[in-house]
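Heads up, structure.cif below (mmCIF, C-alpha atoms (C1' of nucleotides)):
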data_run
loop_
_atom_site.label_atom_id
_atom_site.label_comp_id
_atom_site.auth_asym_id
_atom_site.auth_seq_id
_atom_site.Cartn_x
_atom_site.Cartn_y
_atom_site.Cartn_z
CA MET A 1 -51.42 157.61 85.57
CA CYS A 2 -48.62 155.63 87.19
CA ARG A 3 -46.62 158.81 87.75
CA ALA A 4 -49.67 160.40 89.31
CA VAL A 5 -50.13 157.58 91.79
CA THR A 6 -46.43 157.67 92.61
CA LEU A 7 -46.59 161.39 93.31
CA LEU A 8 -49.75 161.04 95.38
CA LEU A 9 -48.37 158.42 97.72
CA GLY A 10 -45.07 160.13 98.29
CA PRO A 11 -41.70 158.45 98.54
CA TYR A 12 -43.00 155.32 100.18
CA ALA A 13 -44.90 153.73 97.31
CA GLU A 14 -43.72 152.17 94.09
CA VAL A 15 -45.79 151.50 91.02
CA VAL A 16 -44.90 148.59 88.75
CA LEU A 17 -46.28 147.68 85.36
CA HIS A 18 -45.93 144.04 84.35
CA ASP A 19 -46.37 142.36 80.99
CA PRO A 20 -48.29 139.15 81.66
CA ALA A 21 -47.36 137.78 78.23
CA THR A 22 -43.61 137.73 78.87
CA ASP A 23 -43.99 137.79 82.66
CA ARG A 24 -41.50 140.61 82.86
CA VAL A 25 -41.43 144.12 84.29
CA LEU A 26 -42.35 146.89 81.85
CA GLU A 27 -41.60 149.91 83.97
CA VAL A 28 -41.15 150.92 87.61
CA TRP A 29 -41.87 154.26 89.23
CA ASN A 30 -40.07 155.14 92.47
CA PRO A 31 -38.60 151.66 92.86
CA LEU A 32 -38.31 150.31 96.40
CA THR A 33 -36.08 147.48 95.24
CA ALA A 34 -33.49 147.12 92.55
CA ARG A 35 -36.00 145.81 90.01
CA GLY A 36 -36.12 147.45 86.61
CA PRO A 37 -37.61 146.95 83.16
CA GLY A 38 -36.97 143.50 81.74
CA ASP A 39 -36.58 141.78 85.10
CA PRO A 40 -38.75 138.73 85.70
CA SER A 41 -42.05 139.59 87.33
CA ALA A 42 -42.37 136.62 89.69
CA LEU A 43 -46.04 137.26 89.44
CA GLY A 44 -46.99 133.62 89.54
CA ASP A 45 -48.21 133.86 93.08
CA LEU A 46 -51.08 136.12 92.08
CA ASP A 47 -53.33 133.24 91.05
CA ARG A 48 -53.14 131.85 94.56
CA LEU A 49 -54.92 134.94 95.84
CA ASP A 50 -58.64 135.43 95.71
CA PRO A 51 -59.51 138.57 93.82
CA THR A 52 -61.31 141.02 96.08
CA ASP A 53 -63.06 142.22 92.97
CA ARG A 54 -63.01 141.15 89.34
CA ASP A 55 -59.36 141.50 88.27
CA VAL A 56 -58.43 143.40 91.43
CA TYR A 57 -56.30 141.69 94.06
CA GLY A 58 -55.40 142.75 97.57
CA PRO A 59 -54.45 144.59 99.55
CA TYR A 60 -52.18 141.79 100.64
CA GLU A 61 -48.92 141.78 102.56
CA LYS A 62 -45.49 141.34 101.11
CA LEU A 63 -42.13 141.06 102.82
CA LEU A 64 -38.99 142.60 101.41
CA ALA A 65 -35.65 140.95 101.92
CA ASP A 66 -34.58 143.67 104.32
CA GLY A 67 -37.67 143.15 106.43
CA ARG A 68 -39.81 146.06 105.28
CA ARG A 69 -43.47 145.21 105.13
CA LEU A 70 -45.43 146.24 102.10
CA SER A 71 -49.12 146.54 101.45
CA SER A 72 -49.77 145.70 97.84
CA VAL A 73 -52.65 145.86 95.41
CA SER A 74 -52.66 144.51 91.89
CA ALA A 75 -55.00 145.07 88.98
CA VAL A 76 -55.23 143.20 85.69
CA LEU A 77 -55.94 145.49 82.75
CA ARG A 78 -57.52 143.86 79.70
CA ASP A 79 -57.83 144.71 76.04
CA ASP A 80 -61.18 145.17 74.40
CA ASP A 81 -61.26 141.49 73.54
CA GLY A 82 -60.63 140.54 77.15
CA THR A 83 -57.03 139.34 76.93
CA PRO A 84 -54.84 140.67 79.76
CA SER A 85 -52.55 143.38 78.44
CA VAL A 86 -50.77 144.69 81.53
CA VAL A 87 -50.75 144.10 85.27
CA LEU A 88 -50.48 147.13 87.52
CA CYS A 89 -49.07 146.75 91.04
CA VAL A 90 -48.84 149.41 93.73
CA ASN A 91 -46.58 148.59 96.67
CA LEU A 92 -46.76 150.79 99.76
CA ASP A 93 -43.99 150.63 102.33
CA ARG A 94 -45.73 150.43 105.68
CA THR A 95 -42.65 150.73 107.90
CA PRO A 96 -42.71 154.54 108.28
CA LEU A 97 -46.39 154.38 109.17
CA GLU A 98 -45.83 151.61 111.63
CA ARG A 99 -42.95 153.46 113.17
CA ALA A 100 -45.12 156.54 113.61
CA ALA A 101 -47.89 154.46 115.12
CA ALA A 102 -45.40 152.93 117.52
CA VAL A 103 -44.21 156.37 118.56
CA LEU A 104 -47.75 157.53 119.20
CA SER A 105 -48.77 154.55 121.24
CA ALA A 106 -45.54 154.60 123.20
CA PHE A 107 -46.20 158.17 124.27
CA GLY A 108 -47.34 158.06 127.84
CA ALA A 109 -47.71 154.33 127.69
CA PRO A 110 -47.35 152.22 130.81
CA THR A 111 -43.79 151.08 131.34
CA THR A 112 -44.72 147.54 130.40
CA PRO A 113 -46.10 148.09 126.91
CA PRO A 114 -48.64 145.76 125.34
CA PRO A 115 -46.90 142.43 124.80
CA GLU A 116 -45.63 141.75 121.32
CA PRO A 117 -48.49 140.97 118.99
CA LEU A 118 -46.79 137.86 117.77
CA PHE A 119 -50.22 136.38 117.33
CA GLU A 120 -51.21 134.24 114.47
CA ALA A 121 -54.72 133.58 113.34
CA ASP A 122 -54.02 129.94 112.78
CA TRP A 123 -50.73 128.30 113.57
CA SER A 124 -51.08 126.07 110.54
CA GLN A 125 -50.86 129.21 108.47
CA ARG A 126 -47.55 129.84 110.12
CA VAL A 127 -46.40 126.41 109.02
CA ASP A 128 -47.41 127.11 105.44
CA HIS A 129 -45.82 130.53 105.57
CA VAL A 130 -42.48 129.29 106.86
CA ILE A 131 -42.37 126.53 104.29
CA GLY A 132 -43.50 128.86 101.51
CA THR A 133 -40.86 131.41 102.37
CA HIS A 134 -38.15 128.79 102.33
CA VAL A 135 -39.35 127.38 99.02
CA ARG A 136 -39.32 130.82 97.43
CA SER A 137 -35.92 131.74 98.82
CA THR A 138 -34.25 128.50 97.73
CA GLY A 139 -36.28 127.80 94.63
CA ARG A 140 -36.71 124.18 95.65
CA SER A 141 -40.24 122.89 95.99
CA VAL A 142 -41.23 120.79 98.96
CA ASP A 143 -40.70 117.54 97.10
CA ARG A 144 -37.22 118.53 95.95
CA MET A 145 -36.02 119.75 99.33
CA THR A 146 -32.68 118.57 100.63
CA ARG A 147 -32.15 117.34 104.14
CA GLN A 148 -30.62 120.72 104.98
CA ASP A 149 -33.75 122.47 103.78
CA ARG A 150 -35.88 120.36 106.06
CA LEU A 151 -33.57 121.06 108.98
CA ALA A 152 -33.77 124.79 108.32
CA VAL A 153 -37.55 124.78 108.08
CA LEU A 154 -37.89 122.71 111.22
CA ARG A 155 -35.53 124.99 113.07
CA ALA A 156 -37.63 127.98 112.12
CA LEU A 157 -40.83 126.26 113.13
CA ASP A 158 -39.33 125.09 116.39
CA GLU A 159 -38.13 128.57 117.24
CA ALA A 160 -41.60 129.86 116.41
CA ARG A 161 -42.81 127.50 119.15
CA VAL A 162 -45.06 125.74 116.69
CA PHE A 163 -44.45 122.42 118.38
CA ALA A 164 -45.88 123.77 121.61
CA VAL A 165 -49.35 123.38 120.18
CA ARG A 166 -51.06 120.04 120.16
CA ARG A 167 -51.24 117.94 117.00
CA ALA A 168 -48.56 120.09 115.40
CA ALA A 169 -46.04 117.37 114.55
CA PRO A 170 -48.30 115.33 112.26
CA VAL A 171 -49.45 118.46 110.47
CA VAL A 172 -45.89 119.61 109.89
CA ALA A 173 -44.90 116.14 108.74
CA GLN A 174 -47.68 116.14 106.19
CA ALA A 175 -46.81 119.65 105.02
CA LEU A 176 -43.19 118.62 104.52
CA ARG A 177 -44.22 115.36 102.78
CA VAL A 178 -42.27 113.45 105.33
CA SER A 179 -43.10 110.85 107.93
CA ARG A 180 -43.79 111.69 111.54
CA SER A 181 -40.72 109.76 112.60
CA THR A 182 -38.53 111.83 110.34
CA VAL A 183 -39.84 115.04 111.84
CA TYR A 184 -38.96 113.86 115.32
CA GLY A 185 -35.62 112.57 114.14
CA LEU A 186 -34.64 115.85 112.54
CA LEU A 187 -35.93 117.76 115.53
CA THR A 188 -33.83 115.86 118.04
CA GLU A 189 -30.86 116.22 115.72
CA LEU A 190 -31.03 120.00 115.57
CA ARG A 191 -31.99 120.37 119.21
CA ALA A 192 -28.94 118.37 120.19
CA LYS A 193 -26.67 120.77 118.36
CA GLY A 194 -28.32 123.86 119.85
CA MET B 1 -46.02 174.41 138.32
CA CYS B 2 -49.22 172.46 138.01
CA ARG B 3 -50.60 175.02 135.57
CA ALA B 4 -47.43 174.75 133.55
CA VAL B 5 -47.72 170.98 133.23
CA THR B 6 -51.37 171.32 132.29
CA LEU B 7 -50.53 173.79 129.56
CA LEU B 8 -47.69 171.67 128.27
CA LEU B 9 -49.68 168.50 127.85
CA GLY B 10 -52.63 170.18 126.19
CA PRO B 11 -56.26 169.37 126.76
CA TYR B 12 -55.70 165.68 127.36
CA ALA B 13 -53.95 165.74 130.73
CA GLU B 14 -55.18 166.65 134.17
CA VAL B 15 -53.06 167.51 137.16
CA VAL B 16 -54.33 166.74 140.65
CA LEU B 17 -52.91 167.73 144.01
CA HIS B 18 -53.88 165.52 146.94
CA ASP B 19 -53.55 166.08 150.67
CA PRO B 20 -52.33 162.80 152.12
CA ALA B 21 -53.30 163.91 155.65
CA THR B 22 -57.01 164.21 154.92
CA ASP B 23 -56.88 161.98 151.85
CA ARG B 24 -58.79 164.59 149.90
CA VAL B 25 -58.26 166.52 146.68
CA LEU B 26 -56.67 169.95 147.09
CA GLU B 27 -56.98 171.24 143.56
CA VAL B 28 -57.47 169.99 140.00
CA TRP B 29 -56.23 171.52 136.76
CA ASN B 30 -58.07 170.69 133.53
CA PRO B 31 -60.21 168.02 135.17
CA LEU B 32 -60.98 164.93 133.08
CA THR B 33 -63.64 163.83 135.54
CA ALA B 34 -66.06 165.67 137.78
CA ARG B 35 -63.69 165.60 140.74
CA GLY B 36 -63.00 168.83 142.55
CA PRO B 37 -61.37 170.19 145.71
CA GLY B 38 -62.60 168.42 148.82
CA ASP B 39 -63.56 165.18 147.11
CA PRO B 40 -62.03 162.00 148.50
CA SER B 41 -58.75 161.07 146.87
CA ALA B 42 -59.16 157.29 146.72
CA LEU B 43 -55.41 157.21 146.75
CA GLY B 44 -55.20 154.06 148.81
CA ASP B 45 -54.18 152.01 145.82
CA LEU B 46 -50.89 153.79 145.58
CA ASP B 47 -49.24 151.60 148.21
CA ARG B 48 -49.97 148.55 146.13
CA LEU B 49 -47.68 149.87 143.42
CA ASP B 50 -43.97 149.58 143.48
CA PRO B 51 -42.35 152.97 143.24
CA THR B 52 -40.25 153.23 140.09
CA ASP B 53 -38.11 155.64 142.00
CA ARG B 54 -38.12 156.91 145.57
CA ASP B 55 -41.54 158.54 146.02
CA VAL B 56 -42.31 158.39 142.30
CA TYR B 57 -44.89 155.92 141.02
CA GLY B 58 -45.82 154.86 137.55
CA PRO B 59 -46.54 155.36 134.81
CA TYR B 60 -49.40 152.98 135.45
CA GLU B 61 -52.70 152.47 133.75
CA LYS B 62 -56.06 153.70 134.98
CA LEU B 63 -59.51 153.13 133.57
CA LEU B 64 -62.19 155.80 133.63
CA ALA B 65 -65.84 154.88 133.99
CA ASP B 66 -66.49 155.80 130.36
CA GLY B 67 -63.73 153.51 129.17
CA ARG B 68 -61.00 156.05 128.51
CA ARG B 69 -57.58 154.74 129.35
CA LEU B 70 -55.22 156.95 131.29
CA SER B 71 -51.51 156.82 131.85
CA SER B 72 -50.77 158.16 135.28
CA VAL B 73 -47.75 159.15 137.29
CA SER B 74 -47.72 160.15 140.95
CA ALA B 75 -45.13 161.83 143.11
CA VAL B 76 -45.05 162.21 146.87
CA LEU B 77 -43.69 165.59 147.96
CA ARG B 78 -42.26 165.76 151.49
CA ASP B 79 -41.52 168.49 153.98
CA ASP B 80 -38.05 169.17 155.25
CA ASP B 81 -38.67 166.77 158.11
CA GLY B 82 -39.68 164.02 155.71
CA THR B 83 -43.42 163.92 156.34
CA PRO B 84 -45.52 163.78 153.17
CA SER B 85 -47.13 167.12 152.50
CA VAL B 86 -48.83 166.72 149.11
CA VAL B 87 -49.22 164.07 146.44
CA LEU B 88 -49.06 165.18 142.82
CA CYS B 89 -50.77 163.13 140.13
CA VAL B 90 -50.68 163.67 136.38
CA ASN B 91 -53.26 161.76 134.36
CA LEU B 92 -52.89 161.64 130.59
CA ASP B 93 -55.82 160.53 128.45
CA ARG B 94 -54.41 158.06 125.97
CA THR B 95 -57.52 157.59 123.83
CA PRO B 96 -56.76 160.33 121.28
CA LEU B 97 -53.25 158.99 120.88
CA GLU B 98 -54.50 155.46 120.51
CA ARG B 99 -57.05 156.56 117.98
CA ALA B 100 -54.37 158.29 115.96
CA ALA B 101 -52.17 155.23 116.13
CA ALA B 102 -55.06 153.09 114.94
CA VAL B 103 -55.63 155.41 111.99
CA LEU B 104 -51.98 155.23 111.04
CA SER B 105 -51.69 151.50 111.22
CA ALA B 106 -54.96 151.01 109.38
CA PHE B 107 -53.65 153.05 106.46
CA GLY B 108 -52.77 150.68 103.68
CA ALA B 109 -53.17 147.72 105.97
CA PRO B 110 -54.13 144.36 104.53
CA THR B 111 -57.87 143.87 104.47
CA THR B 112 -57.58 140.98 106.89
CA PRO B 113 -55.84 142.90 109.63
CA PRO B 114 -54.99 141.64 113.07
CA PRO B 115 -56.32 138.14 112.70
CA GLU B 116 -57.81 136.95 115.95
CA PRO B 117 -55.39 135.60 118.45
CA LEU B 118 -54.65 131.99 118.65
CA PHE B 119 -51.01 131.62 119.05
CA GLU B 120 -48.65 133.68 121.04
CA ALA B 121 -44.94 133.77 121.59
CA ASP B 122 -45.67 133.37 125.26
CA TRP B 123 -49.25 132.22 125.65
CA SER B 124 -49.00 132.27 129.42
CA GLN B 125 -48.92 136.04 129.17
CA ARG B 126 -52.30 135.83 127.55
CA VAL B 127 -53.59 133.81 130.48
CA ASP B 128 -52.38 136.42 132.91
CA HIS B 129 -53.81 139.19 130.77
CA VAL B 130 -57.28 137.67 130.52
CA ILE B 131 -57.40 137.02 134.22
CA GLY B 132 -56.05 140.45 135.04
CA THR B 133 -58.60 142.16 132.84
CA HIS B 134 -61.42 140.26 134.46
CA VAL B 135 -60.15 141.06 137.93
CA ARG B 136 -59.94 144.75 137.13
CA SER B 137 -63.36 144.87 135.51
CA THR B 138 -65.12 143.07 138.36
CA GLY B 139 -63.00 144.26 141.23
CA ARG B 140 -62.77 140.72 142.60
CA SER B 141 -59.34 139.27 143.06
CA VAL B 142 -58.57 135.75 141.96
CA ASP B 143 -59.17 134.33 145.43
CA ARG B 144 -62.55 136.04 145.75
CA MET B 145 -63.83 135.01 142.34
CA THR B 146 -67.27 133.48 142.06
CA ARG B 147 -68.01 130.44 140.00
CA GLN B 148 -69.43 132.71 137.31
CA ASP B 149 -66.18 134.64 137.19
CA ARG B 150 -64.25 131.46 136.61
CA LEU B 151 -66.66 130.39 133.89
CA ALA B 152 -66.28 133.75 132.17
CA VAL B 153 -62.50 133.66 132.33
CA LEU B 154 -62.38 130.10 131.06
CA ARG B 155 -64.75 130.94 128.23
CA ALA B 156 -62.48 133.78 127.17
CA LEU B 157 -59.41 131.57 127.36
CA ASP B 158 -61.13 128.78 125.48
CA GLU B 159 -62.22 131.11 122.72
CA ALA B 160 -58.67 132.42 122.56
CA ARG B 161 -57.73 128.81 121.80
CA VAL B 162 -55.40 128.76 124.78
CA PHE B 163 -56.19 125.12 125.43
CA ALA B 164 -54.88 124.17 122.01
CA VAL B 165 -51.37 124.51 123.36
CA ARG B 166 -49.83 121.76 125.38
CA ARG B 167 -49.57 121.95 129.14
CA ALA B 168 -52.07 124.81 129.19
CA ALA B 169 -54.65 123.33 131.55
CA PRO B 170 -52.37 122.96 134.58
CA VAL B 171 -50.99 126.45 134.09
CA VAL B 172 -54.47 127.95 133.90
CA ALA B 173 -55.54 125.97 136.93
CA GLN B 174 -52.65 127.31 138.92
CA ALA B 175 -53.31 130.86 137.77
CA LEU B 176 -56.95 130.56 138.83
CA ARG B 177 -55.97 128.95 142.16
CA VAL B 178 -58.10 126.00 141.30
CA SER B 179 -57.48 122.31 140.76
CA ARG B 180 -56.93 120.80 137.37
CA SER B 181 -60.14 118.80 137.74
CA THR B 182 -62.14 121.95 138.30
CA VAL B 183 -60.78 123.49 135.15
CA TYR B 184 -61.86 120.51 133.12
CA GLY B 185 -65.21 120.41 134.89
CA LEU B 186 -65.98 124.03 134.19
CA LEU B 187 -64.77 123.66 130.63
CA THR B 188 -67.06 120.76 129.82
CA GLU B 189 -69.89 122.63 131.47
CA LEU B 190 -69.57 125.71 129.29
CA ARG B 191 -68.76 123.75 126.19
CA ALA B 192 -71.94 121.73 126.65
CA LYS B 193 -74.02 124.89 126.66
CA GLY B 194 -72.34 126.22 123.53
"C1'" DG C 1 -22.34 94.81 93.45
"C1'" DC C 2 -21.48 97.05 97.70
"C1'" DA C 3 -21.60 100.62 101.13
"C1'" DT C 4 -23.56 104.66 103.06
"C1'" DG C 5 -26.99 107.63 104.35
"C1'" DC C 6 -31.63 108.71 104.67
"C1'" DC C 7 -36.32 107.76 105.14
"C1'" DC C 8 -40.35 104.82 106.10
"C1'" DG C 9 -43.72 102.40 108.79
"C1'" DG C 10 -44.81 100.38 112.76
"C1'" DA C 11 -44.07 98.84 117.54
"C1'" DC C 12 -43.25 100.62 121.79
"C1'" DT C 13 -42.68 103.84 126.02
"C1'" DT C 14 -43.79 108.08 128.10
"C1'" DT C 15 -46.31 112.08 128.83
"C1'" DA C 16 -50.24 114.64 129.13
"C1'" DC C 17 -55.21 114.91 128.38
"C1'" DG C 18 -59.69 114.33 129.98
"C1'" DT C 19 -63.13 111.74 132.97
"C1'" DC C 20 -64.83 110.04 137.15
"C1'" DC C 21 -65.67 109.53 141.95
"C1'" DA C 22 -65.61 109.70 147.04
"C1'" DG C 23 -64.79 112.87 150.39
"C1'" DG C 24 -64.51 117.58 152.49
"C1'" DC C 25 -65.49 122.47 152.79
"C1'" DT C 26 -68.74 126.51 152.70
"C1'" DG C 27 -72.63 129.25 152.90
"C1'" DG C 28 -77.43 129.60 153.44
"C1'" DA C 29 -82.01 127.90 155.37
"C1'" DC C 30 -84.22 126.63 159.23
"C1'" DG D 1 -76.57 124.97 166.35
"C1'" DT D 2 -77.97 121.14 162.25
"C1'" DC D 3 -78.80 120.04 157.75
"C1'" DC D 4 -78.41 120.36 152.92
"C1'" DA D 5 -76.84 121.49 148.39
"C1'" DG D 6 -73.46 122.89 145.59
"C1'" DC D 7 -68.77 123.22 144.67
"C1'" DC D 8 -64.00 122.07 144.94
"C1'" DT D 9 -60.34 118.64 145.65
"C1'" DG D 10 -57.00 115.01 145.10
"C1'" DG D 11 -56.32 110.87 143.19
"C1'" DA D 12 -57.32 106.91 140.21
"C1'" DC D 13 -58.07 105.61 135.76
"C1'" DG D 14 -58.53 105.07 130.52
"C1'" DT D 15 -57.19 107.14 126.30
"C1'" DA D 16 -54.83 109.84 123.09
"C1'" DA D 17 -51.21 112.02 121.73
"C1'" DA D 18 -46.02 112.83 122.06
"C1'" DG D 19 -41.63 110.97 121.43
"C1'" DT D 20 -38.27 106.90 120.75
"C1'" DC D 21 -36.43 102.96 118.56
"C1'" DC D 22 -35.49 99.66 115.02
"C1'" DG D 23 -35.63 96.57 110.81
"C1'" DG D 24 -35.94 97.11 106.23
"C1'" DG D 25 -36.14 99.56 101.67
"C1'" DC D 26 -34.50 102.79 98.35
"C1'" DA D 27 -31.66 105.72 96.52
"C1'" DT D 28 -26.73 107.67 95.39
"C1'" DG D 29 -21.86 107.20 94.72
"C1'" DC D 30 -17.95 104.18 94.27
#
Represent the supplied structure as structure tokens.
Amino acid sequence: MCRAVTLLLGPYAEVVLHDPATDRVLEVWNPLTARGPGDPSALGDLDRLDPTDRDVYGPYEKLLADGRRLSSVSAVLRDDDGTPSVVLCVNLDRTPLERAAAVLSAFGAPTTPPPEPLFEADWSQRVDHVIGTHVRSTGRSVDRMTRQDRLAVLRALDEARVFAVRRAAPVVAQALRVSRSTVYGLLTELRAKG
Amino acid sequence: MCRAVTLLLGPYAEVVLHDPATDRVLEVWNPLTARGPGDPSALGDLDRLDPTDRDVYGPYEKLLADGRRLSSVSAVLRDDDGTPSVVLCVNLDRTPLERAAAVLSAFGAPTTPPPEPLFEADWSQRVDHVIGTHVRSTGRSVDRMTRQDRLAVLRALDEARVFAVRRAAPVVAQALRVSRSTVYGLLTELRAKG
DNA sequence: GCATGCCCGGACTTTACGTCCAGGCTGGAC
DNA sequence: GTCCAGCCTGGACGTAAAGTCCGGGCATGC
């Protein structure tokens, strides 16, 4: 069945089978990354998602290290007695589709194309996202962050113009488990350097 | 030559030849609207555009009555003595392209797609865009706006959460050619109504 | 035990937000 | 024309955030 799905979706989708007991990869079809059998699954973030249906999650968005955007769905397969036996994930690389869409909409478009859709539903989501990304990439949770971590996160948030919206500083401070003064202090420090 | 362009661009482009002397249509290939030879050109808006090249204008955006969006280019053809003899316009219907692009980007997209706007890299662009859209749809320029126009624009901006970003009110006021007080006055008025 | 570096909480200044009001302009009724 | 009503304006004003500053506490390393 996994091979079938892989063939159906062409070269831009990978299918991964995880073992929830050991939290490791069982097998990968058409891998998009270097992952292979035996590698850790890093599936812990599934519980934070609401299932769209019983035992079915997604589609949700993932980011690869090289910037490719994936649409992913996951399904938990259970034994007869109800214990999870395997987790099936399908990851679809959206970049070729997006590139094609960009080509189409650029065709005959006015010289000043629609401004970058750098929108965000809710800027506080952006805060969480930036922090979450940093936590995952460094492996240090918010409480265990070093000063450098905080500087990096604040730099990202500042460049994302988060502090142009009202009431942002206290929210960021709370998210970073740090006082408002510290946020301003770190901000002036990194703004001074450039 | 006009027939050639029409054939090249398929069923979604029309080619129109105008006579600048009489300001009337000379001939239309593959008409997208009901216009025909002898109809008024309504070409007066050309002078308001900056030529991208000598005697070549566009591409710029046009709106048809039924909502289709066109990309248009115009060229002024001159006699040997330099007097304009004909104006050539090519109008390309972008809706099929946009529909195709929408299909592509919807494929495998996260279920919660383009979350409503709140935050923008450059939110002032959004201000200009909202105002510009309103101006085009009503035909009244900013200076000739009625009170209702201003209320509508402010409602749109408020719902786009533009006023959640700092320093927004003065910028909006300036864009609407209105005092800061007026902005706040109109805002409280429409917020009171719900 | 001491020094250093960082953070905290709170006091304080500055900036911007939002409200209010007296006066002036405009367009319509008469 | 005059009058009136509605709207806008510019400025004053009070309040709420945005930022700044500092004394003290709590670690870590020596």
Explicit residue set for the PyMOL selection byres ((chain D and resi 6-17) around 7), as a list of chain:residue names: B:Ser179, B:Thr182, D:DA5, D:DA18
Hey, what's within 6 Å of Leu70 (chain A) if we count all atoms listed in the file and toss same-chain stuff fewer than 3 positions away? As a PDB file with C-alpha atoms, in the coordinates of the input, please?
ATOM      1  CA  GLU A  61     -48.920 141.780 102.560  1.00  0.00           C
ATOM      2  CA  LYS A  62     -45.490 141.340 101.110  1.00  0.00           C
ATOM      3  CA  LEU A  92     -46.760 150.790  99.760  1.00  0.00           C
ATOM      4  CA  ASP A  93     -43.990 150.630 102.330  1.00  0.00           C
ATOM      5  CA  ARG A  94     -45.730 150.430 105.680  1.00  0.00           C
TER       6      ARG A  94
END
Taking the file as shown, what set of residues would the PyMOL selection byres ((chain C and resi 19) around 10) give back, as a PyMOL selection string? (chain B and resi 181+184-185) or (chain C and resi 17-18+20-21) or (chain D and resi 13-14)
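CA of Val162 (chain B) is found 27.1 Å from CA of Glu98 (chain B).
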Minimum-distance residue to chain D, chosen among B:Gly139, B:Val183, B:Glu159, B:Leu154 (using all atoms listed in the file): B:Val183
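Relative to CA of Leu97 (chain A), CA of Arg136 (chain A) is found at 27.3 Å.
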What gap, in Å, lies between CA of Pro170 (chain A) and CA of Arg126 (chain B)? 25.9 Å
Apply the PyMOL selection byres ((chain D and resi 26) around 10) to the displayed file and report the matching residues as number ranges by chain. C: 6-8; D: 24-25, 27-28
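Distances to chain A were evaluated for C:DG10, C:DT4, C:DA22, C:DG28 using all atoms listed in the file, and the minimum falls at C:DG10.
Nearest residue to chain D among B:Leu88, B:Ala192, B:Ala4, B:Val178 is B:Val178, counting only C-alpha atoms (C1' of nucleotides).
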So for region 13-25 of chain D, what box centre and size do we get, axis-aligned, 5 Å extra on each of the six sides, every listed atom, Å to one decimal, as JSON?
{"center_x": -47.0, "center_y": 104.7, "center_z": 118.7, "size_x": 33.0, "size_y": 26.3, "size_z": 44.1}
Cut-off 10 Å around (-46.4, 106.6, 124.9) with only C-alpha atoms (C1' of nucleotides): residues as a PyMOL selection string: (chain C and resi 12-16) or (chain D and resi 16-20)
Since we have the selection now, will you write its residues out, keeping C-alpha atoms (C1' of nucleotides), as an mmCIF file, in the coordinates of the input?
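Now in out_12.cif:
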data_model
loop_
_atom_site.group_PDB
_atom_site.id
_atom_site.type_symbol
_atom_site.label_atom_id
_atom_site.label_comp_id
_atom_site.auth_asym_id
_atom_site.auth_seq_id
_atom_site.Cartn_x
_atom_site.Cartn_y
_atom_site.Cartn_z
ATOM 1 C "C1'" DC C 12 -43.250 100.620 121.790
ATOM 2 C "C1'" DT C 13 -42.680 103.840 126.020
ATOM 3 C "C1'" DT C 14 -43.790 108.080 128.100
ATOM 4 C "C1'" DT C 15 -46.310 112.080 128.830
ATOM 5 C "C1'" DA C 16 -50.240 114.640 129.130
ATOM 6 C "C1'" DA D 16 -54.830 109.840 123.090
ATOM 7 C "C1'" DA D 17 -51.210 112.020 121.730
ATOM 8 C "C1'" DA D 18 -46.020 112.830 122.060
ATOM 9 C "C1'" DG D 19 -41.630 110.970 121.430
ATOM 10 C "C1'" DT D 20 -38.270 106.900 120.750
#
Which residues are near Val153 (chain A)? Cut-off 8 Å, all atoms listed in the file, ignore same chain within fewer than 5 positions. Put them as a list in words. Val130, Ile131 and His134 of chain A
Nearest to Thr95 (chain B), restricted to all atoms listed in the file and choosing among B:Ala168, B:Leu190, B:Ala13, B:Val135, comes out as B:Ala13
Could you pull the residues within 12 Å of DC4 (chain D), counting only C-alpha atoms (C1' of nucleotides), minus those fewer than 5 positions along the same chain, as a PDB file with C-alpha atoms (C1' of nucleotides), in the coordinates of the input?
ATOM      1  C1'  DT C  26     -68.740 126.510 152.700  1.00  0.00           C
ATOM      2  C1'  DG C  27     -72.630 129.250 152.900  1.00  0.00           C
ATOM      3  C1'  DG C  28     -77.430 129.600 153.440  1.00  0.00           C
ATOM      4  C1'  DA C  29     -82.010 127.900 155.370  1.00  0.00           C
ATOM      5  C1'  DC C  30     -84.220 126.630 159.230  1.00  0.00           C
TER       6       DC C  30
END
Arg166 (chain A) environment, 7 Å, all atoms listed in the file, sequence neighbours closer than 4 positions dropped, as a ChimeraX atom specification: /B:164-166
